Each structure stands twice: as C-alpha cells, then as structure tokens.
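Next comes coords19.csv, with CSV, C-alpha atoms and all ligand atoms.
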```
chain,number,residue,atom,x,y,z
G,1,MET,CA,64.1,-11.1,-15.2
G,2,PRO,CA,61.0,-10.0,-17.1
G,3,LYS,CA,60.5,-11.8,-20.3
G,4,LEU,CA,61.8,-10.2,-23.5
G,5,LYS,CA,59.1,-9.2,-25.9
G,6,ARG,CA,59.2,-11.3,-29.0
G,7,LEU,CA,59.2,-9.4,-32.3
G,8,LEU,CA,58.2,-12.2,-34.6
G,9,MET,CA,55.3,-13.7,-32.7
G,10,SER,CA,53.2,-14.0,-35.8
G,11,ALA,CA,55.6,-16.1,-37.9
G,12,CYS,CA,56.3,-19.8,-37.7
G,13,PHE,CA,56.9,-22.8,-39.9
G,14,GLU,CA,54.3,-25.5,-40.1
G,15,THR,CA,53.8,-28.7,-42.0
G,16,ALA,CA,50.9,-28.4,-44.4
G,17,GLN,CA,48.1,-30.7,-43.3
G,18,ARG,CA,46.6,-30.5,-46.8
G,19,ARG,CA,47.4,-29.0,-50.1
G,20,ARG,CA,47.6,-25.2,-49.9
G,21,HIS,CA,48.4,-22.3,-52.2
G,22,CYS,CA,51.1,-19.8,-51.5
G,23,SER,CA,49.5,-16.4,-50.3
G,24,ARG,CA,52.0,-14.5,-52.4
G,25,ASN,CA,51.5,-16.3,-55.6
G,26,GLN,CA,48.5,-18.6,-56.1
G,27,GLU,CA,50.5,-20.5,-58.7
G,28,HIS,CA,52.9,-21.7,-56.0
G,29,GLU,CA,51.6,-24.9,-54.6
G,30,ILE,CA,52.3,-26.3,-51.1
G,31,CYS,CA,51.8,-30.0,-51.1
G,32,GLN,CA,50.5,-31.9,-48.1
G,33,GLY,CA,53.5,-32.7,-45.8
G,34,ASP,CA,55.5,-29.8,-47.1
G,35,LYS,CA,56.9,-27.2,-44.8
G,36,CYS,CA,55.5,-23.8,-45.2
G,37,LEU,CA,55.8,-20.4,-43.5
G,38,VAL,CA,52.6,-19.3,-41.7
G,39,ILE,CA,52.2,-15.6,-40.9
G,40,LYS,CA,49.2,-14.6,-38.8
G,41,GLU,CA,48.0,-11.1,-39.3
G,42,ASN,CA,45.1,-9.7,-37.4
G,43,MET,CA,42.5,-12.4,-37.9
G,44,SER,CA,43.9,-13.9,-41.1
G,45,LYS,CA,46.5,-16.6,-41.6
G,46,ASN,CA,48.7,-16.6,-44.7
G,47,ASN,CA,50.8,-19.6,-45.9
G,48,TYR,CA,53.9,-19.1,-48.0
G,49,CYS,CA,55.9,-21.7,-50.0
G,50,MET,CA,59.5,-22.1,-49.0
G,51,GLU,CA,60.7,-20.0,-52.0
G,52,CYS,CA,58.6,-17.0,-50.8
G,53,ALA,CA,59.4,-17.8,-47.2
G,54,ALA,CA,63.1,-17.3,-48.0
G,55,LEU,CA,62.4,-13.9,-49.6
G,56,ILE,CA,60.2,-12.9,-46.6
G,57,LEU,CA,62.9,-13.9,-44.1
G,58,GLN,CA,65.6,-12.1,-46.2
G,59,LYS,CA,63.5,-8.9,-46.1
G,60,ALA,CA,62.9,-9.3,-42.4
G,61,GLN,CA,66.6,-9.8,-41.9
G,62,GLU,CA,67.4,-6.5,-43.7
G,63,GLU,CA,64.8,-4.7,-41.7
G,64,LEU,CA,66.3,-6.1,-38.5
G,65,ASN,CA,69.8,-5.1,-39.6
G,66,GLN,CA,68.6,-1.6,-40.3
G,67,LEU,CA,66.9,-1.3,-36.9
G,68,ALA,CA,70.0,-2.8,-35.2
G,69,GLY,CA,72.1,-0.2,-37.1
G,70,GLU,CA,70.1,2.6,-35.6
G,71,LEU,CA,70.5,1.1,-32.2
G,72,GLU,CA,74.3,1.2,-32.6
G,73,SER,CA,74.5,4.8,-33.6
G,74,PRO,CA,71.7,6.6,-31.7
G,75,TYR,CA,70.9,10.2,-32.0
G,76,GLN,CA,74.1,11.1,-33.8
G,77,LYS,CA,72.2,13.8,-35.7
G,78,GLY,CA,70.9,16.9,-34.0
G,79,HIS,CA,72.0,15.8,-30.5
G,80,ALA,CA,75.7,16.6,-30.7
G,101,ZN,ZN,55.3,-18.8,-53.0
```

Any chance you could give the structure as structure tokens?
Amino acid sequence: MPKLKRLLMSACFETAQRRRHCSRNQEHEICQGDKCLVIKENMSKNNYCMECAALILQKAQEELNQLAGELESPYQKGHA
C-alpha cells in the first residue's frame, strides 16, 4: 500500500523552549514550557497560543468538512 499523503504536514504542537509571542496576536504570550501550535509555511515558522490554536483547528475542521461534503456528492451539477 502506498503511503497516504498527509494534508497537515505543516502543523504540530510543540512545547515552547522559551518565551514566545503568538503570531496572530503579539499580545498573546506563550510562556516557556507551554504547549503551542507551530505552523510551518514556506521558510517561516509561526507559533500560536492555545486560544488561537483552537480557532485555527476549528477553521481547518470546517474546511475539511466542506471538502468531505464535496467528496460525498460529486458532480451532481451539470453531470446528470
Ligand atoms: Zn494567540
């Protein structure tokens, strides 16, 4: 079996090695030892606090649901 392609290669949770700021809102602080969501985009790396991580995951979930929805009812329009 060929390996399935992973969609979310670029996202993972990490423990902050030092104090960081959230990439979405610089006022959000990520303390050393805190869990944070790291998203790698091209050459840059963004850290998000857990509050923003929840929003990002929620958005991704919605997008996945939408994609999955299209998968379930393919080509209903114009192909009948
Ligand atoms: Zn944040």

Residues of stretch 31-70 of chain G that have any atom at most 12 Å from an atom of stretch 10-26 of chain G: could you tabulate them with the shortest-distance atom pair and the distance in Å to one decimal, using all atoms listed in the file, ordered by chain and increasing number, as a tab-separated table?
```
residue	atom	partner	partner_atom	distance
G:Cys31	CA	G:Arg19	CA	4.6
G:Gln32	CA	G:Arg18	CA	4.3
G:Gly33	CA	G:Ala16	CA	5.2
G:Asp34	CA	G:Thr15	CA	5.5
G:Lys35	CA	G:Thr15	CA	4.4
G:Cys36	CA	G:Glu14	CA	5.5
G:Leu37	CA	G:Phe13	CA	4.5
G:Val38	CA	G:Cys12	CA	5.5
G:Ile39	CA	G:Ala11	CA	4.6
G:Lys40	CA	G:Ser10	CA	5.0
G:Glu41	CA	G:Ser10	CA	6.9
G:Asn42	CA	G:Ser10	CA	9.3
G:Met43	CA	G:Ser10	CA	11.0
G:Ser44	CA	G:Ser10	CA	10.7
G:Lys45	CA	G:Ser23	CA	9.2
G:Asn46	CA	G:Ser23	CA	5.7
G:Asn47	CA	G:Ser23	CA	5.6
G:Tyr48	CA	G:Cys22	CA	4.5
G:Cys49	CA	G:Cys22	CA	5.4
G:Met50	CA	G:Cys22	CA	9.1
G:Glu51	CA	G:Cys22	CA	9.6
G:Cys52	CA	G:Arg24	CA	7.2
G:Ala53	CA	G:Phe13	CA	9.2
G:Ala54	CA	G:Phe13	CA	11.6
G:Leu55	CA	G:Arg24	CA	10.8
G:Ile56	CA	G:Arg24	CA	10.2
G:Leu57	CA	G:Ala11	CA	9.8
G:Ala60	CA	G:Ala11	CA	10.9
```

Quiz item: atom ZN of ligand ZN 101 (chain G) and atom CA of G:Gln58 are how many Å apart?
Solution: 14.0 Å

Quiz prompt | Residue with smallest distance to ligand ZN 101 (chain G) - pool G:Leu7, G:Glu29, G:Glu70, G:Pro2, counting all atoms listed in the file | solution = G:Glu29

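Going from atom CA of G:Leu8 to atom CA of G:Ala68 covers 15.1 Å.
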
Quiz prompt | For atom CA of G:Arg6 and atom CA of G:Gln66, the interatomic separation in Å (one decimal) | solution =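 Going from atom CA of G:Arg6 over to atom CA of G:Gln66 covers 17.6 Å.
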
Practice problem: Rank nothing, just name the residue among G:His28, G:Met9, G:Gly69, G:Lys3 nearest to ligand ZN 101 (chain G), using all atoms listed in the file. | Solution: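 When distances to ligand ZN 101 (chain G) are compared using all atoms listed in the file, the smallest one comes from G:His28.
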
Practice problem: Using only C-alpha atoms and all ligand atoms, find the one residue out of G:Ser73, G:Leu64, G:Ile30, G:Lys59 that sits nearest to ligand ZN 101 (chain G). | Solution: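 Nearest to ligand ZN 101 (chain G): G:Ile30.
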
Since the input has fewer atoms than a full residue there, write stretch 31-42 of chain G out with all heavy atoms, as a PDB file, keeping the file's coordinate frame.
```pdb
ATOM      1  N   CYS G  31      52.407 -28.661 -51.138  1.00  0.00           N
ATOM      2  CA  CYS G  31      51.800 -30.000 -51.100  1.00  0.00           C
ATOM      3  C   CYS G  31      51.634 -30.429 -49.624  1.00  0.00           C
ATOM      4  O   CYS G  31      52.296 -29.928 -48.715  1.00  0.00           O
ATOM      5  CB  CYS G  31      52.727 -31.013 -51.772  1.00  0.00           C
ATOM      6  SG  CYS G  31      52.952 -30.654 -53.512  1.00  0.00           S
ATOM      7  N   GLN G  32      50.749 -31.379 -49.429  1.00  0.00           N
ATOM      8  CA  GLN G  32      50.500 -31.900 -48.100  1.00  0.00           C
ATOM      9  C   GLN G  32      51.855 -32.516 -47.588  1.00  0.00           C
ATOM     10  O   GLN G  32      52.550 -33.221 -48.317  1.00  0.00           O
ATOM     11  CB  GLN G  32      49.481 -33.040 -48.172  1.00  0.00           C
ATOM     12  CG  GLN G  32      49.145 -33.593 -46.799  1.00  0.00           C
ATOM     13  CD  GLN G  32      48.106 -34.693 -46.874  1.00  0.00           C
ATOM     14  OE1 GLN G  32      47.653 -35.057 -47.952  1.00  0.00           O
ATOM     15  NE2 GLN G  32      47.730 -35.230 -45.730  1.00  0.00           N
ATOM     16  N   GLY G  33      52.199 -32.183 -46.342  1.00  0.00           N
ATOM     17  CA  GLY G  33      53.500 -32.700 -45.800  1.00  0.00           C
ATOM     18  C   GLY G  33      54.622 -31.746 -45.992  1.00  0.00           C
ATOM     19  O   GLY G  33      55.665 -31.904 -45.379  1.00  0.00           O
ATOM     20  N   ASP G  34      54.447 -30.770 -46.874  1.00  0.00           N
ATOM     21  CA  ASP G  34      55.500 -29.800 -47.100  1.00  0.00           C
ATOM     22  C   ASP G  34      55.572 -28.795 -45.956  1.00  0.00           C
ATOM     23  O   ASP G  34      54.570 -28.480 -45.334  1.00  0.00           O
ATOM     24  CB  ASP G  34      55.214 -28.983 -48.394  1.00  0.00           C
ATOM     25  CG  ASP G  34      55.728 -29.670 -49.632  1.00  0.00           C
ATOM     26  OD1 ASP G  34      56.236 -30.808 -49.506  1.00  0.00           O
ATOM     27  OD2 ASP G  34      55.611 -29.077 -50.722  1.00  0.00           O
ATOM     28  N   LYS G  35      56.767 -28.286 -45.741  1.00  0.00           N
ATOM     29  CA  LYS G  35      56.900 -27.200 -44.800  1.00  0.00           C
ATOM     30  C   LYS G  35      56.521 -25.916 -45.393  1.00  0.00           C
ATOM     31  O   LYS G  35      56.789 -25.682 -46.566  1.00  0.00           O
ATOM     32  CB  LYS G  35      58.423 -27.175 -44.374  1.00  0.00           C
ATOM     33  CG  LYS G  35      58.686 -26.851 -42.927  1.00  0.00           C
ATOM     34  CD  LYS G  35      60.163 -27.009 -42.660  1.00  0.00           C
ATOM     35  CE  LYS G  35      60.542 -26.370 -41.347  1.00  0.00           C
ATOM     36  NZ  LYS G  35      61.990 -26.364 -41.161  1.00  0.00           N
ATOM     37  N   CYS G  36      55.857 -25.067 -44.632  1.00  0.00           N
ATOM     38  CA  CYS G  36      55.500 -23.800 -45.200  1.00  0.00           C
ATOM     39  C   CYS G  36      55.561 -22.725 -44.044  1.00  0.00           C
ATOM     40  O   CYS G  36      55.465 -23.062 -42.863  1.00  0.00           O
ATOM     41  CB  CYS G  36      54.110 -23.785 -45.792  1.00  0.00           C
ATOM     42  SG  CYS G  36      52.788 -24.238 -44.668  1.00  0.00           S
ATOM     43  N   LEU G  37      55.734 -21.492 -44.436  1.00  0.00           N
ATOM     44  CA  LEU G  37      55.800 -20.400 -43.500  1.00  0.00           C
ATOM     45  C   LEU G  37      54.382 -19.862 -43.252  1.00  0.00           C
ATOM     46  O   LEU G  37      53.702 -19.521 -44.222  1.00  0.00           O
ATOM     47  CB  LEU G  37      56.716 -19.283 -43.965  1.00  0.00           C
ATOM     48  CG  LEU G  37      56.895 -18.098 -43.015  1.00  0.00           C
ATOM     49  CD1 LEU G  37      57.638 -18.504 -41.761  1.00  0.00           C
ATOM     50  CD2 LEU G  37      57.646 -16.965 -43.707  1.00  0.00           C
ATOM     51  N   VAL G  38      53.957 -19.819 -42.000  1.00  0.00           N
ATOM     52  CA  VAL G  38      52.600 -19.300 -41.700  1.00  0.00           C
ATOM     53  C   VAL G  38      52.792 -17.977 -40.958  1.00  0.00           C
ATOM     54  O   VAL G  38      53.527 -17.875 -39.983  1.00  0.00           O
ATOM     55  CB  VAL G  38      51.860 -20.301 -40.780  1.00  0.00           C
ATOM     56  CG1 VAL G  38      50.482 -19.743 -40.412  1.00  0.00           C
ATOM     57  CG2 VAL G  38      51.707 -21.638 -41.489  1.00  0.00           C
ATOM     58  N   ILE G  39      52.138 -16.959 -41.499  1.00  0.00           N
ATOM     59  CA  ILE G  39      52.200 -15.600 -40.900  1.00  0.00           C
ATOM     60  C   ILE G  39      50.771 -15.229 -40.512  1.00  0.00           C
ATOM     61  O   ILE G  39      49.881 -15.174 -41.371  1.00  0.00           O
ATOM     62  CB  ILE G  39      52.843 -14.607 -41.809  1.00  0.00           C
ATOM     63  CG1 ILE G  39      54.289 -15.020 -42.077  1.00  0.00           C
ATOM     64  CG2 ILE G  39      52.805 -13.213 -41.171  1.00  0.00           C
ATOM     65  CD1 ILE G  39      55.036 -14.067 -42.979  1.00  0.00           C
ATOM     66  N   LYS G  40      50.573 -14.966 -39.226  1.00  0.00           N
ATOM     67  CA  LYS G  40      49.200 -14.600 -38.800  1.00  0.00           C
ATOM     68  C   LYS G  40      49.195 -13.051 -38.687  1.00  0.00           C
ATOM     69  O   LYS G  40      50.050 -12.414 -38.087  1.00  0.00           O
ATOM     70  CB  LYS G  40      48.963 -15.170 -37.396  1.00  0.00           C
ATOM     71  CG  LYS G  40      48.882 -16.670 -37.444  1.00  0.00           C
ATOM     72  CD  LYS G  40      48.697 -17.254 -36.054  1.00  0.00           C
ATOM     73  CE  LYS G  40      48.945 -18.760 -36.101  1.00  0.00           C
ATOM     74  NZ  LYS G  40      50.018 -19.180 -35.220  1.00  0.00           N
ATOM     75  N   GLU G  41      48.210 -12.503 -39.339  1.00  0.00           N
ATOM     76  CA  GLU G  41      48.000 -11.100 -39.300  1.00  0.00           C
ATOM     77  C   GLU G  41      46.599 -10.751 -38.967  1.00  0.00           C
ATOM     78  O   GLU G  41      45.671 -11.184 -39.649  1.00  0.00           O
ATOM     79  CB  GLU G  41      48.341 -10.493 -40.736  1.00  0.00           C
ATOM     80  CG  GLU G  41      49.685  -9.826 -40.821  1.00  0.00           C
ATOM     81  CD  GLU G  41      49.975  -9.361 -42.241  1.00  0.00           C
ATOM     82  OE1 GLU G  41      49.722 -10.133 -43.172  1.00  0.00           O
ATOM     83  OE2 GLU G  41      50.417  -8.236 -42.401  1.00  0.00           O
ATOM     84  N   ASN G  42      46.425  -9.997 -37.898  1.00  0.00           N
ATOM     85  CA  ASN G  42      45.100  -9.700 -37.400  1.00  0.00           C
ATOM     86  C   ASN G  42      44.322 -11.043 -37.267  1.00  0.00           C
ATOM     87  O   ASN G  42      44.737 -11.917 -36.531  1.00  0.00           O
ATOM     88  CB  ASN G  42      44.365  -8.713 -38.287  1.00  0.00           C
ATOM     89  CG  ASN G  42      45.147  -7.404 -38.375  1.00  0.00           C
ATOM     90  OD1 ASN G  42      45.724  -6.962 -37.392  1.00  0.00           O
ATOM     91  ND2 ASN G  42      45.177  -6.802 -39.535  1.00  0.00           N
TER      92      ASN G  42
END
```
